[in-house]
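Visitor: Dumping the structure here so I can ask a few things about it.
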Amino acid sequence: MDTIFSVLKNTWDQICADFYANFIDGDGWLLMLKGLGVTFQITIFALIIGIVIGFLVAIVRSTYDKTGKMRVLNAICKLYLTVIRGTPVVVQLLIIYYVIFASVSIDKTIVAILSFGINSGAYVAEIVRGGIMSIDEGQFEAGRSLGFSYASTMWYIITPQAFKNILPALANEMIALLKETSVAGYIALNDLTRAGYTIRSRTFSAYMPLLAVAAIYLIVVVILTKLVGILERRLRTDER
Amino acid sequence: MSAECLIETRDLVKSFGKTNALNGISVQIQKGEVVVVIGPSGSGKSTFLRSLTLLEEPSSGQVLFEGVDITDPKVDVNLHRQHMGMVFQHFNLFPHMTILQNMTLAPIKLKKMKPAEAEEKARALLKRVGLEDRANSYPAQLSGGQKQRVAIVRALAMDPEVMLFDEPTSALDPEMVGEVLAVMKELAAEGMSMVVVTHEMGFAREVATRLLFMDEGRILEDTDPREFFAHPNHPRAQDFLSKVL
């Protein structure tokens, strides 16, 4: 009995010491907090870029599908989708940093935001296109028959409905994006993941920094998922 | 051609691939007429109606609205559509807006009407069709007949010169057909110009001032409705009537 107790006590002491060494000593917690901030920063701005690109591409693509107009733009959009979705995000990040911005001195955070934004745009575009195509053709005809132009019908009638329909998918994209930014360390950006890694190389703790990083991602994702659920329920009530 | 001619089509053809939905339709619709278009399914009557407002773009031929060729690519069809009300089989109300918003969107955005003014007008129209208490409801909360009545007044809110109805009662439960037809009859009695594609033979006989019988993309009879039901001339019309009456 005593031995079990002392083993437990030893383990606990070990964990406490580990925790202290990793997060308190040398302000490890601050490093991780800053890292989380960088992760949020990249995610939020990349998502905004992604949504803007995504909506533009989706509108071009669905206009082409519906009317056959914008042939050239549609071809460009298709190329963009193929290239971005056909290559890994890390490779895109490295190319943008080391090739496109090679000779320009630019904040690494901006490079990351651009890379992840451009990447996310491709996925958002297909989500939005699905949303637009899922709206009944009759909605379109009703708008046009009242005298709205193609663009106004899109703006006032189609996109608000499409946006509501795709909100869950968009939220999933945001959550995926948040996790994907963990490769930002490839261009030596101190995001959450890299903060954990830095602490690990400083303290040589095998598990704790990585587990902490994982726990923080998990908590953030769970909270985001909950928020999206609330928002979805809100949006749905006005139709009942 | 009289100055009262509202809509004129000249040799209208619409083909989907190899099949022709419209085979050269030339017709003049005068102001104040209530024209009912009947015919077997696939006869092209809906395509004809939809092509009047260019929801269906004709493959060849012209559509003139108040003397203007709206099939001319230089003409802004959106402006002319503001003067043509369209009512669909499936209502096509905007589900993300209240009834009032459904009715005021186009007047506010396109006619630059003041929101308060548009709302007042919408409420008056809703009152006419007995739905003033549903102004703040969403379409999903309404019955089919109520939705179609809202769709009619939504189109009326733009003060159209003509109302086009594409099988307005075909998607309704039988007990709701009457309330929609009543609104349409009232409109006709007030002198609204109307073109109605329908299967309601009673409405055609009682309300219409003119009847077009279509088959295979052609107008086979263009006549007085009472005359048509009493003495159909064309064999296809006789056959059709023997099946539906």
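Identifiers in this document derive from the order of the structure tokens: chains are assigned A, B, ..., residues are numbered from 1 separately in each chain, and ligands are numbered from 1 in order of occurrence.
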So that I can check the surroundings of Ile53 of chain A, please list as number ranges by chain every protein, DNA and RNA residue that reaches within 9 Å of it, counting only C-alpha atoms and ignoring chain neighbours fewer than 2 positions away.
Guide: A: 48-51, 55-58, 117-118, 120-122, 124-125
Visitor: Using only C-alpha atoms, I'd like every residue of chain B that has an atom within 9 Å of chain A; please write them out as a PDB file with all heavy atoms, in the first residue's frame.
Guide:
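Everything below was put into result.pdb:
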ATOM      1  N   THR B  53     -41.117  37.215 -70.752  1.00  0.00           N
ATOM      2  CA  THR B  53     -40.291  38.043 -69.870  1.00  0.00           C
ATOM      3  C   THR B  53     -38.817  37.639 -69.964  1.00  0.00           C
ATOM      4  O   THR B  53     -37.999  38.005 -69.131  1.00  0.00           O
ATOM      5  CB  THR B  53     -40.833  38.011 -68.420  1.00  0.00           C
ATOM      6  OG1 THR B  53     -39.889  38.545 -67.547  1.00  0.00           O
ATOM      7  CG2 THR B  53     -41.188  36.629 -67.979  1.00  0.00           C
ATOM      8  N   LEU B  54     -38.531  36.861 -70.995  1.00  0.00           N
ATOM      9  CA  LEU B  54     -37.162  36.414 -71.307  1.00  0.00           C
ATOM     10  C   LEU B  54     -36.512  35.584 -70.213  1.00  0.00           C
ATOM     11  O   LEU B  54     -35.299  35.505 -70.119  1.00  0.00           O
ATOM     12  CB  LEU B  54     -36.246  37.588 -71.652  1.00  0.00           C
ATOM     13  CG  LEU B  54     -36.614  38.444 -72.867  1.00  0.00           C
ATOM     14  CD1 LEU B  54     -35.413  39.267 -73.288  1.00  0.00           C
ATOM     15  CD2 LEU B  54     -37.094  37.615 -74.033  1.00  0.00           C
ATOM     16  N   LEU B  55     -37.315  34.973 -69.336  1.00  0.00           N
ATOM     17  CA  LEU B  55     -36.739  33.987 -68.427  1.00  0.00           C
ATOM     18  C   LEU B  55     -36.267  32.804 -69.264  1.00  0.00           C
ATOM     19  O   LEU B  55     -35.359  32.071 -68.898  1.00  0.00           O
ATOM     20  CB  LEU B  55     -37.765  33.522 -67.400  1.00  0.00           C
ATOM     21  CG  LEU B  55     -38.021  34.468 -66.231  1.00  0.00           C
ATOM     22  CD1 LEU B  55     -39.020  33.874 -65.271  1.00  0.00           C
ATOM     23  CD2 LEU B  55     -36.732  34.814 -65.513  1.00  0.00           C
ATOM     24  N   VAL B  77     -33.219  44.530 -70.334  1.00  0.00           N
ATOM     25  CA  VAL B  77     -34.465  43.813 -70.069  1.00  0.00           C
ATOM     26  C   VAL B  77     -34.904  43.972 -68.619  1.00  0.00           C
ATOM     27  O   VAL B  77     -36.089  43.906 -68.302  1.00  0.00           O
ATOM     28  CB  VAL B  77     -34.326  42.327 -70.464  1.00  0.00           C
ATOM     29  CG1 VAL B  77     -33.365  41.606 -69.542  1.00  0.00           C
ATOM     30  CG2 VAL B  77     -35.678  41.647 -70.452  1.00  0.00           C
ATOM     31  N   ASN B  78     -33.942  44.223 -67.713  1.00  0.00           N
ATOM     32  CA  ASN B  78     -34.288  44.347 -66.295  1.00  0.00           C
ATOM     33  C   ASN B  78     -35.276  45.488 -66.056  1.00  0.00           C
ATOM     34  O   ASN B  78     -36.159  45.383 -65.208  1.00  0.00           O
ATOM     35  CB  ASN B  78     -33.031  44.581 -65.458  1.00  0.00           C
ATOM     36  CG  ASN B  78     -32.098  43.392 -65.533  1.00  0.00           C
ATOM     37  OD1 ASN B  78     -32.548  42.253 -65.616  1.00  0.00           O
ATOM     38  ND2 ASN B  78     -30.810  43.649 -65.529  1.00  0.00           N
ATOM     39  N   LEU B  79     -35.107  46.559 -66.814  1.00  0.00           N
ATOM     40  CA  LEU B  79     -36.024  47.697 -66.658  1.00  0.00           C
ATOM     41  C   LEU B  79     -37.435  47.304 -67.069  1.00  0.00           C
ATOM     42  O   LEU B  79     -38.416  47.677 -66.428  1.00  0.00           O
ATOM     43  CB  LEU B  79     -35.548  48.870 -67.517  1.00  0.00           C
ATOM     44  CG  LEU B  79     -34.377  49.672 -66.942  1.00  0.00           C
ATOM     45  CD1 LEU B  79     -33.937  50.736 -67.917  1.00  0.00           C
ATOM     46  CD2 LEU B  79     -34.795  50.297 -65.606  1.00  0.00           C
ATOM     47  N   HIS B  80     -37.541  46.548 -68.154  1.00  0.00           N
ATOM     48  CA  HIS B  80     -38.869  46.167 -68.646  1.00  0.00           C
ATOM     49  C   HIS B  80     -39.506  45.101 -67.777  1.00  0.00           C
ATOM     50  O   HIS B  80     -40.717  45.064 -67.620  1.00  0.00           O
ATOM     51  CB  HIS B  80     -38.758  45.712 -70.104  1.00  0.00           C
ATOM     52  CG  HIS B  80     -38.323  46.832 -71.003  1.00  0.00           C
ATOM     53  ND1 HIS B  80     -39.191  47.784 -71.455  1.00  0.00           N
ATOM     54  CD2 HIS B  80     -37.099  47.169 -71.472  1.00  0.00           C
ATOM     55  CE1 HIS B  80     -38.538  48.662 -72.187  1.00  0.00           C
ATOM     56  NE2 HIS B  80     -37.259  48.312 -72.210  1.00  0.00           N
ATOM     57  N   ARG B  81     -38.669  44.252 -67.184  1.00  0.00           N
ATOM     58  CA  ARG B  81     -39.219  43.227 -66.302  1.00  0.00           C
ATOM     59  C   ARG B  81     -39.905  43.846 -65.092  1.00  0.00           C
ATOM     60  O   ARG B  81     -40.804  43.251 -64.502  1.00  0.00           O
ATOM     61  CB  ARG B  81     -38.099  42.296 -65.825  1.00  0.00           C
ATOM     62  CG  ARG B  81     -37.728  41.245 -66.842  1.00  0.00           C
ATOM     63  CD  ARG B  81     -36.871  40.188 -66.188  1.00  0.00           C
ATOM     64  NE  ARG B  81     -36.437  39.176 -67.135  1.00  0.00           N
ATOM     65  CZ  ARG B  81     -35.171  38.806 -67.294  1.00  0.00           C
ATOM     66  NH1 ARG B  81     -34.232  39.362 -66.568  1.00  0.00           N
ATOM     67  NH2 ARG B  81     -34.864  37.868 -68.147  1.00  0.00           N
ATOM     68  N   GLN B  82     -39.464  45.056 -64.710  1.00  0.00           N
ATOM     69  CA  GLN B  82     -40.108  45.718 -63.568  1.00  0.00           C
ATOM     70  C   GLN B  82     -41.584  45.985 -63.840  1.00  0.00           C
ATOM     71  O   GLN B  82     -42.359  46.197 -62.912  1.00  0.00           O
ATOM     72  CB  GLN B  82     -39.409  47.039 -63.264  1.00  0.00           C
ATOM     73  CG  GLN B  82     -38.000  46.873 -62.743  1.00  0.00           C
ATOM     74  CD  GLN B  82     -37.364  48.194 -62.382  1.00  0.00           C
ATOM     75  OE1 GLN B  82     -38.059  49.156 -62.077  1.00  0.00           O
ATOM     76  NE2 GLN B  82     -36.045  48.249 -62.423  1.00  0.00           N
ATOM     77  N   HIS B  83     -41.951  46.005 -65.127  1.00  0.00           N
ATOM     78  CA  HIS B  83     -43.349  46.288 -65.468  1.00  0.00           C
ATOM     79  C   HIS B  83     -44.140  45.037 -65.792  1.00  0.00           C
ATOM     80  O   HIS B  83     -45.259  45.103 -66.244  1.00  0.00           O
ATOM     81  CB  HIS B  83     -43.413  47.269 -66.647  1.00  0.00           C
ATOM     82  CG  HIS B  83     -42.666  48.539 -66.369  1.00  0.00           C
ATOM     83  ND1 HIS B  83     -43.139  49.493 -65.498  1.00  0.00           N
ATOM     84  CD2 HIS B  83     -41.467  48.983 -66.811  1.00  0.00           C
ATOM     85  CE1 HIS B  83     -42.265  50.479 -65.425  1.00  0.00           C
ATOM     86  NE2 HIS B  83     -41.240  50.198 -66.207  1.00  0.00           N
ATOM     87  N   MET B  84     -43.493  43.879 -65.616  1.00  0.00           N
ATOM     88  CA  MET B  84     -44.201  42.618 -65.839  1.00  0.00           C
ATOM     89  C   MET B  84     -44.139  41.811 -64.545  1.00  0.00           C
ATOM     90  O   MET B  84     -43.058  41.446 -64.089  1.00  0.00           O
ATOM     91  CB  MET B  84     -43.489  41.789 -66.915  1.00  0.00           C
ATOM     92  CG  MET B  84     -43.335  42.460 -68.250  1.00  0.00           C
ATOM     93  SD  MET B  84     -42.547  41.204 -69.312  1.00  0.00           S
ATOM     94  CE  MET B  84     -42.254  42.140 -70.768  1.00  0.00           C
ATOM     95  N   GLY B  85     -45.301  41.542 -63.966  1.00  0.00           N
ATOM     96  CA  GLY B  85     -45.326  40.721 -62.766  1.00  0.00           C
ATOM     97  C   GLY B  85     -45.365  39.261 -63.154  1.00  0.00           C
ATOM     98  O   GLY B  85     -46.041  38.894 -64.114  1.00  0.00           O
ATOM     99  N   MET B  86     -44.621  38.433 -62.426  1.00  0.00           N
ATOM    100  CA  MET B  86     -44.612  37.009 -62.762  1.00  0.00           C
ATOM    101  C   MET B  86     -44.962  36.207 -61.513  1.00  0.00           C
ATOM    102  O   MET B  86     -44.428  36.464 -60.436  1.00  0.00           O
ATOM    103  CB  MET B  86     -43.209  36.630 -63.264  1.00  0.00           C
ATOM    104  CG  MET B  86     -43.063  35.176 -63.610  1.00  0.00           C
ATOM    105  SD  MET B  86     -43.296  34.890 -65.377  1.00  0.00           S
ATOM    106  CE  MET B  86     -43.261  33.107 -65.423  1.00  0.00           C
ATOM    107  N   VAL B  87     -45.871  35.255 -61.698  1.00  0.00           N
ATOM    108  CA  VAL B  87     -46.254  34.373 -60.599  1.00  0.00           C
ATOM    109  C   VAL B  87     -45.951  32.938 -61.023  1.00  0.00           C
ATOM    110  O   VAL B  87     -46.338  32.519 -62.110  1.00  0.00           O
ATOM    111  CB  VAL B  87     -47.750  34.541 -60.246  1.00  0.00           C
ATOM    112  CG1 VAL B  87     -48.168  33.549 -59.173  1.00  0.00           C
ATOM    113  CG2 VAL B  87     -48.029  35.963 -59.774  1.00  0.00           C
ATOM    114  N   PHE B  88     -45.249  32.220 -60.152  1.00  0.00           N
ATOM    115  CA  PHE B  88     -44.747  30.898 -60.516  1.00  0.00           C
ATOM    116  C   PHE B  88     -45.594  29.786 -59.895  1.00  0.00           C
ATOM    117  O   PHE B  88     -46.272  29.991 -58.884  1.00  0.00           O
ATOM    118  CB  PHE B  88     -43.306  30.728 -60.039  1.00  0.00           C
ATOM    119  CG  PHE B  88     -42.350  31.730 -60.620  1.00  0.00           C
ATOM    120  CD1 PHE B  88     -42.128  32.952 -59.993  1.00  0.00           C
ATOM    121  CD2 PHE B  88     -41.667  31.464 -61.790  1.00  0.00           C
ATOM    122  CE1 PHE B  88     -41.247  33.878 -60.515  1.00  0.00           C
ATOM    123  CE2 PHE B  88     -40.784  32.382 -62.322  1.00  0.00           C
ATOM    124  CZ  PHE B  88     -40.570  33.586 -61.697  1.00  0.00           C
ATOM    125  N   HIS B  90     -44.444  27.310 -58.235  1.00  0.00           N
ATOM    126  CA  HIS B  90     -43.943  26.982 -56.891  1.00  0.00           C
ATOM    127  C   HIS B  90     -43.678  28.229 -56.050  1.00  0.00           C
ATOM    128  O   HIS B  90     -42.781  28.232 -55.207  1.00  0.00           O
ATOM    129  CB  HIS B  90     -42.708  26.099 -56.998  1.00  0.00           C
ATOM    130  CG  HIS B  90     -43.010  24.761 -57.598  1.00  0.00           C
ATOM    131  ND1 HIS B  90     -43.688  23.779 -56.908  1.00  0.00           N
ATOM    132  CD2 HIS B  90     -42.788  24.267 -58.832  1.00  0.00           C
ATOM    133  CE1 HIS B  90     -43.846  22.733 -57.695  1.00  0.00           C
ATOM    134  NE2 HIS B  90     -43.309  23.003 -58.875  1.00  0.00           N
ATOM    135  N   PHE B  91     -44.418  29.277 -56.284  1.00  0.00           N
ATOM    136  CA  PHE B  91     -44.437  30.527 -55.490  1.00  0.00           C
ATOM    137  C   PHE B  91     -43.113  31.284 -55.533  1.00  0.00           C
ATOM    138  O   PHE B  91     -43.103  32.488 -55.760  1.00  0.00           O
ATOM    139  CB  PHE B  91     -44.847  30.278 -54.032  1.00  0.00           C
ATOM    140  CG  PHE B  91     -45.748  29.097 -53.804  1.00  0.00           C
ATOM    141  CD1 PHE B  91     -45.402  28.079 -52.925  1.00  0.00           C
ATOM    142  CD2 PHE B  91     -46.942  28.973 -54.513  1.00  0.00           C
ATOM    143  CE1 PHE B  91     -46.225  26.975 -52.745  1.00  0.00           C
ATOM    144  CE2 PHE B  91     -47.775  27.883 -54.331  1.00  0.00           C
ATOM    145  CZ  PHE B  91     -47.411  26.888 -53.450  1.00  0.00           C
ATOM    146  N   ASN B  92     -42.023  30.558 -55.216  1.00  0.00           N
ATOM    147  CA  ASN B  92     -40.692  31.175 -55.202  1.00  0.00           C
ATOM    148  C   ASN B  92     -40.610  32.421 -54.331  1.00  0.00           C
ATOM    149  O   ASN B  92     -39.993  33.411 -54.694  1.00  0.00           O
ATOM    150  CB  ASN B  92     -40.230  31.519 -56.628  1.00  0.00           C
ATOM    151  CG  ASN B  92     -40.107  30.287 -57.498  1.00  0.00           C
ATOM    152  OD1 ASN B  92     -40.164  29.175 -56.978  1.00  0.00           O
ATOM    153  ND2 ASN B  92     -39.942  30.475 -58.782  1.00  0.00           N
ATOM    154  N   LEU B  93     -41.216  32.346 -53.160  1.00  0.00           N
ATOM    155  CA  LEU B  93     -40.998  33.415 -52.183  1.00  0.00           C
ATOM    156  C   LEU B  93     -39.582  33.260 -51.639  1.00  0.00           C
ATOM    157  O   LEU B  93     -39.014  32.175 -51.684  1.00  0.00           O
ATOM    158  CB  LEU B  93     -42.020  33.304 -51.039  1.00  0.00           C
ATOM    159  CG  LEU B  93     -43.475  33.486 -51.448  1.00  0.00           C
ATOM    160  CD1 LEU B  93     -44.378  33.318 -50.226  1.00  0.00           C
ATOM    161  CD2 LEU B  93     -43.708  34.851 -52.072  1.00  0.00           C
ATOM    162  N   PHE B  94     -39.026  34.360 -51.126  1.00  0.00           N
ATOM    163  CA  PHE B  94     -37.671  34.296 -50.586  1.00  0.00           C
ATOM    164  C   PHE B  94     -37.744  33.822 -49.140  1.00  0.00           C
ATOM    165  O   PHE B  94     -38.229  34.550 -48.279  1.00  0.00           O
ATOM    166  CB  PHE B  94     -36.989  35.661 -50.687  1.00  0.00           C
ATOM    167  CG  PHE B  94     -37.044  36.241 -52.075  1.00  0.00           C
ATOM    168  CD1 PHE B  94     -37.418  37.559 -52.275  1.00  0.00           C
ATOM    169  CD2 PHE B  94     -36.739  35.449 -53.185  1.00  0.00           C
ATOM    170  CE1 PHE B  94     -37.476  38.090 -53.556  1.00  0.00           C
ATOM    171  CE2 PHE B  94     -36.802  35.971 -54.470  1.00  0.00           C
ATOM    172  CZ  PHE B  94     -37.177  37.291 -54.654  1.00  0.00           C
ATOM    173  N   PRO B  95     -37.261  32.626 -48.854  1.00  0.00           N
ATOM    174  CA  PRO B  95     -37.489  32.033 -47.528  1.00  0.00           C
ATOM    175  C   PRO B  95     -36.758  32.742 -46.389  1.00  0.00           C
ATOM    176  O   PRO B  95     -37.150  32.606 -45.243  1.00  0.00           O
ATOM    177  CB  PRO B  95     -36.968  30.594 -47.683  1.00  0.00           C
ATOM    178  CG  PRO B  95     -36.031  30.646 -48.833  1.00  0.00           C
ATOM    179  CD  PRO B  95     -36.536  31.718 -49.745  1.00  0.00           C
ATOM    180  N   HIS B  96     -35.718  33.503 -46.727  1.00  0.00           N
ATOM    181  CA  HIS B  96     -34.944  34.144 -45.658  1.00  0.00           C
ATOM    182  C   HIS B  96     -35.488  35.524 -45.303  1.00  0.00           C
ATOM    183  O   HIS B  96     -34.901  36.221 -44.484  1.00  0.00           O
ATOM    184  CB  HIS B  96     -33.473  34.242 -46.060  1.00  0.00           C
ATOM    185  CG  HIS B  96     -33.235  35.042 -47.315  1.00  0.00           C
ATOM    186  ND1 HIS B  96     -33.854  34.732 -48.515  1.00  0.00           N
ATOM    187  CD2 HIS B  96     -32.487  36.127 -47.548  1.00  0.00           C
ATOM    188  CE1 HIS B  96     -33.454  35.605 -49.427  1.00  0.00           C
ATOM    189  NE2 HIS B  96     -32.629  36.460 -48.875  1.00  0.00           N
ATOM    190  N   MET B  97     -36.606  35.910 -45.919  1.00  0.00           N
ATOM    191  CA  MET B  97     -37.191  37.217 -45.615  1.00  0.00           C
ATOM    192  C   MET B  97     -38.624  37.051 -45.145  1.00  0.00           C
ATOM    193  O   MET B  97     -39.310  36.109 -45.540  1.00  0.00           O
ATOM    194  CB  MET B  97     -37.218  38.077 -46.891  1.00  0.00           C
ATOM    195  CG  MET B  97     -35.864  38.331 -47.479  1.00  0.00           C
ATOM    196  SD  MET B  97     -36.072  39.310 -48.982  1.00  0.00           S
ATOM    197  CE  MET B  97     -34.382  39.343 -49.544  1.00  0.00           C
ATOM    198  N   THR B  98     -39.082  38.026 -44.352  1.00  0.00           N
ATOM    199  CA  THR B  98     -40.479  38.012 -43.946  1.00  0.00           C
ATOM    200  C   THR B  98     -41.340  38.355 -45.165  1.00  0.00           C
ATOM    201  O   THR B  98     -40.831  38.775 -46.204  1.00  0.00           O
ATOM    202  CB  THR B  98     -40.756  39.064 -42.857  1.00  0.00           C
ATOM    203  OG1 THR B  98     -40.524  40.356 -43.413  1.00  0.00           O
ATOM    204  CG2 THR B  98     -39.860  38.873 -41.645  1.00  0.00           C
ATOM    205  N   LEU B 105     -38.656  44.463 -51.026  1.00  0.00           N
ATOM    206  CA  LEU B 105     -37.277  44.424 -51.535  1.00  0.00           C
ATOM    207  C   LEU B 105     -37.151  45.098 -52.894  1.00  0.00           C
ATOM    208  O   LEU B 105     -36.355  46.025 -53.068  1.00  0.00           O
ATOM    209  CB  LEU B 105     -36.790  42.966 -51.625  1.00  0.00           C
ATOM    210  CG  LEU B 105     -35.361  42.794 -52.136  1.00  0.00           C
ATOM    211  CD1 LEU B 105     -34.360  43.255 -51.091  1.00  0.00           C
ATOM    212  CD2 LEU B 105     -35.069  41.358 -52.532  1.00  0.00           C
ATOM    213  N   ALA B 106     -37.961  44.638 -53.852  1.00  0.00           N
ATOM    214  CA  ALA B 106     -37.835  45.189 -55.206  1.00  0.00           C
ATOM    215  C   ALA B 106     -38.257  46.659 -55.288  1.00  0.00           C
ATOM    216  O   ALA B 106     -37.536  47.470 -55.865  1.00  0.00           O
ATOM    217  CB  ALA B 106     -38.618  44.330 -56.192  1.00  0.00           C
ATOM    218  N   LYS B 109     -35.319  48.656 -53.649  1.00  0.00           N
ATOM    219  CA  LYS B 109     -34.022  48.612 -54.342  1.00  0.00           C
ATOM    220  C   LYS B 109     -34.116  49.088 -55.789  1.00  0.00           C
ATOM    221  O   LYS B 109     -33.180  49.696 -56.291  1.00  0.00           O
ATOM    222  CB  LYS B 109     -33.452  47.187 -54.325  1.00  0.00           C
ATOM    223  CG  LYS B 109     -33.230  46.605 -52.949  1.00  0.00           C
ATOM    224  CD  LYS B 109     -32.136  47.327 -52.206  1.00  0.00           C
ATOM    225  CE  LYS B 109     -31.977  46.738 -50.796  1.00  0.00           C
ATOM    226  NZ  LYS B 109     -31.229  47.638 -49.923  1.00  0.00           N
ATOM    227  N   LEU B 110     -35.216  48.775 -56.448  1.00  0.00           N
ATOM    228  CA  LEU B 110     -35.282  49.069 -57.886  1.00  0.00           C
ATOM    229  C   LEU B 110     -36.035  50.350 -58.202  1.00  0.00           C
ATOM    230  O   LEU B 110     -35.703  51.063 -59.129  1.00  0.00           O
ATOM    231  CB  LEU B 110     -35.926  47.896 -58.631  1.00  0.00           C
ATOM    232  CG  LEU B 110     -35.154  46.573 -58.551  1.00  0.00           C
ATOM    233  CD1 LEU B 110     -35.971  45.450 -59.169  1.00  0.00           C
ATOM    234  CD2 LEU B 110     -33.811  46.700 -59.243  1.00  0.00           C
ATOM    235  N   SER B 137     -44.580  37.263 -40.786  1.00  0.00           N
ATOM    236  CA  SER B 137     -44.298  35.831 -40.819  1.00  0.00           C
ATOM    237  C   SER B 137     -43.253  35.542 -41.883  1.00  0.00           C
ATOM    238  O   SER B 137     -42.975  36.366 -42.745  1.00  0.00           O
ATOM    239  CB  SER B 137     -45.564  35.045 -41.166  1.00  0.00           C
ATOM    240  OG  SER B 137     -46.604  35.375 -40.298  1.00  0.00           O
ATOM    241  N   TYR B 138     -42.686  34.354 -41.807  1.00  0.00           N
ATOM    242  CA  TYR B 138     -41.797  33.879 -42.872  1.00  0.00           C
ATOM    243  C   TYR B 138     -42.576  32.944 -43.784  1.00  0.00           C
ATOM    244  O   TYR B 138     -43.553  32.322 -43.344  1.00  0.00           O
ATOM    245  CB  TYR B 138     -40.583  33.169 -42.261  1.00  0.00           C
ATOM    246  CG  TYR B 138     -39.586  34.143 -41.714  1.00  0.00           C
ATOM    247  CD1 TYR B 138     -39.682  34.608 -40.408  1.00  0.00           C
ATOM    248  CD2 TYR B 138     -38.559  34.633 -42.517  1.00  0.00           C
ATOM    249  CE1 TYR B 138     -38.778  35.536 -39.910  1.00  0.00           C
ATOM    250  CE2 TYR B 138     -37.650  35.553 -42.027  1.00  0.00           C
ATOM    251  CZ  TYR B 138     -37.763  35.999 -40.725  1.00  0.00           C
ATOM    252  OH  TYR B 138     -36.876  36.919 -40.244  1.00  0.00           O
ATOM    253  N   PRO B 139     -42.165  32.840 -45.043  1.00  0.00           N
ATOM    254  CA  PRO B 139     -42.919  32.012 -45.987  1.00  0.00           C
ATOM    255  C   PRO B 139     -43.187  30.595 -45.476  1.00  0.00           C
ATOM    256  O   PRO B 139     -44.266  30.052 -45.715  1.00  0.00           O
ATOM    257  CB  PRO B 139     -42.021  31.998 -47.220  1.00  0.00           C
ATOM    258  CG  PRO B 139     -41.326  33.308 -47.186  1.00  0.00           C
ATOM    259  CD  PRO B 139     -41.084  33.587 -45.726  1.00  0.00           C
ATOM    260  N   ALA B 140     -42.214  30.022 -44.758  1.00  0.00           N
ATOM    261  CA  ALA B 140     -42.383  28.638 -44.297  1.00  0.00           C
ATOM    262  C   ALA B 140     -43.572  28.492 -43.347  1.00  0.00           C
ATOM    263  O   ALA B 140     -44.064  27.395 -43.121  1.00  0.00           O
ATOM    264  CB  ALA B 140     -41.104  28.158 -43.619  1.00  0.00           C
ATOM    265  N   GLN B 141     -44.038  29.617 -42.770  1.00  0.00           N
ATOM    266  CA  GLN B 141     -45.149  29.538 -41.815  1.00  0.00           C
ATOM    267  C   GLN B 141     -46.511  29.620 -42.491  1.00  0.00           C
ATOM    268  O   GLN B 141     -47.535  29.554 -41.830  1.00  0.00           O
ATOM    269  CB  GLN B 141     -45.024  30.692 -40.803  1.00  0.00           C
ATOM    270  CG  GLN B 141     -43.743  30.634 -39.998  1.00  0.00           C
ATOM    271  CD  GLN B 141     -43.458  31.942 -39.279  1.00  0.00           C
ATOM    272  OE1 GLN B 141     -43.567  33.025 -39.841  1.00  0.00           O
ATOM    273  NE2 GLN B 141     -43.066  31.834 -38.016  1.00  0.00           N
ATOM    274  N   ARG B 154     -46.728  40.338 -54.148  1.00  0.00           N
ATOM    275  CA  ARG B 154     -45.322  40.749 -54.284  1.00  0.00           C
ATOM    276  C   ARG B 154     -45.091  41.309 -55.689  1.00  0.00           C
ATOM    277  O   ARG B 154     -44.419  42.322 -55.868  1.00  0.00           O
ATOM    278  CB  ARG B 154     -44.383  39.559 -54.039  1.00  0.00           C
ATOM    279  CG  ARG B 154     -42.913  39.927 -54.253  1.00  0.00           C
ATOM    280  CD  ARG B 154     -41.966  38.808 -53.909  1.00  0.00           C
ATOM    281  NE  ARG B 154     -42.003  37.726 -54.880  1.00  0.00           N
ATOM    282  CZ  ARG B 154     -41.238  36.650 -54.822  1.00  0.00           C
ATOM    283  NH1 ARG B 154     -40.400  36.490 -53.816  1.00  0.00           N
ATOM    284  NH2 ARG B 154     -41.318  35.705 -55.735  1.00  0.00           N
ATOM    285  N   ALA B 155     -45.662  40.619 -56.682  1.00  0.00           N
ATOM    286  CA  ALA B 155     -45.526  41.106 -58.060  1.00  0.00           C
ATOM    287  C   ALA B 155     -46.293  42.413 -58.242  1.00  0.00           C
ATOM    288  O   ALA B 155     -45.822  43.336 -58.896  1.00  0.00           O
ATOM    289  CB  ALA B 155     -46.027  40.047 -59.031  1.00  0.00           C
ATOM    290  N   MET B 158     -44.898  46.069 -57.502  1.00  0.00           N
ATOM    291  CA  MET B 158     -44.084  46.808 -58.472  1.00  0.00           C
ATOM    292  C   MET B 158     -44.950  47.562 -59.486  1.00  0.00           C
ATOM    293  O   MET B 158     -44.431  48.127 -60.451  1.00  0.00           O
ATOM    294  CB  MET B 158     -43.141  45.854 -59.216  1.00  0.00           C
ATOM    295  CG  MET B 158     -41.996  45.320 -58.378  1.00  0.00           C
ATOM    296  SD  MET B 158     -40.853  46.615 -57.866  1.00  0.00           S
ATOM    297  CE  MET B 158     -39.877  46.831 -59.347  1.00  0.00           C
TER     298      MET B 158
END
Visitor: Quick one: residues within 8 Å of Glu8 of chain B, only C-alpha atoms counted, chain neighbours fewer than 5 positions away excluded, as a VMD selection string?
Guide: chain B and resid 26 to 29 63 to 65 67
Visitor: Near Lys31 of chain B, within 9 Å and counting only C-alpha atoms, which residues show up once chain neighbours fewer than 6 positions away are dropped, as a ChimeraX atom specification?
Guide: /B:4-7,161-162,191-194
Visitor: In segment 5-108 of chain B, what's helix (DSSP H, G or I) per DSSP? Answer as a PyMOL selection string?
Guide: chain B and resi 45-52+77-81+99-108
Visitor: Any idea what the distance is between atom CA of Leu33 of chain A and atom CA of Thr193 of chain A?
Guide: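 Taking atom CA of Leu33 of chain A as the start and atom CA of Thr193 of chain A as the end point, the length is 10.9 Å.
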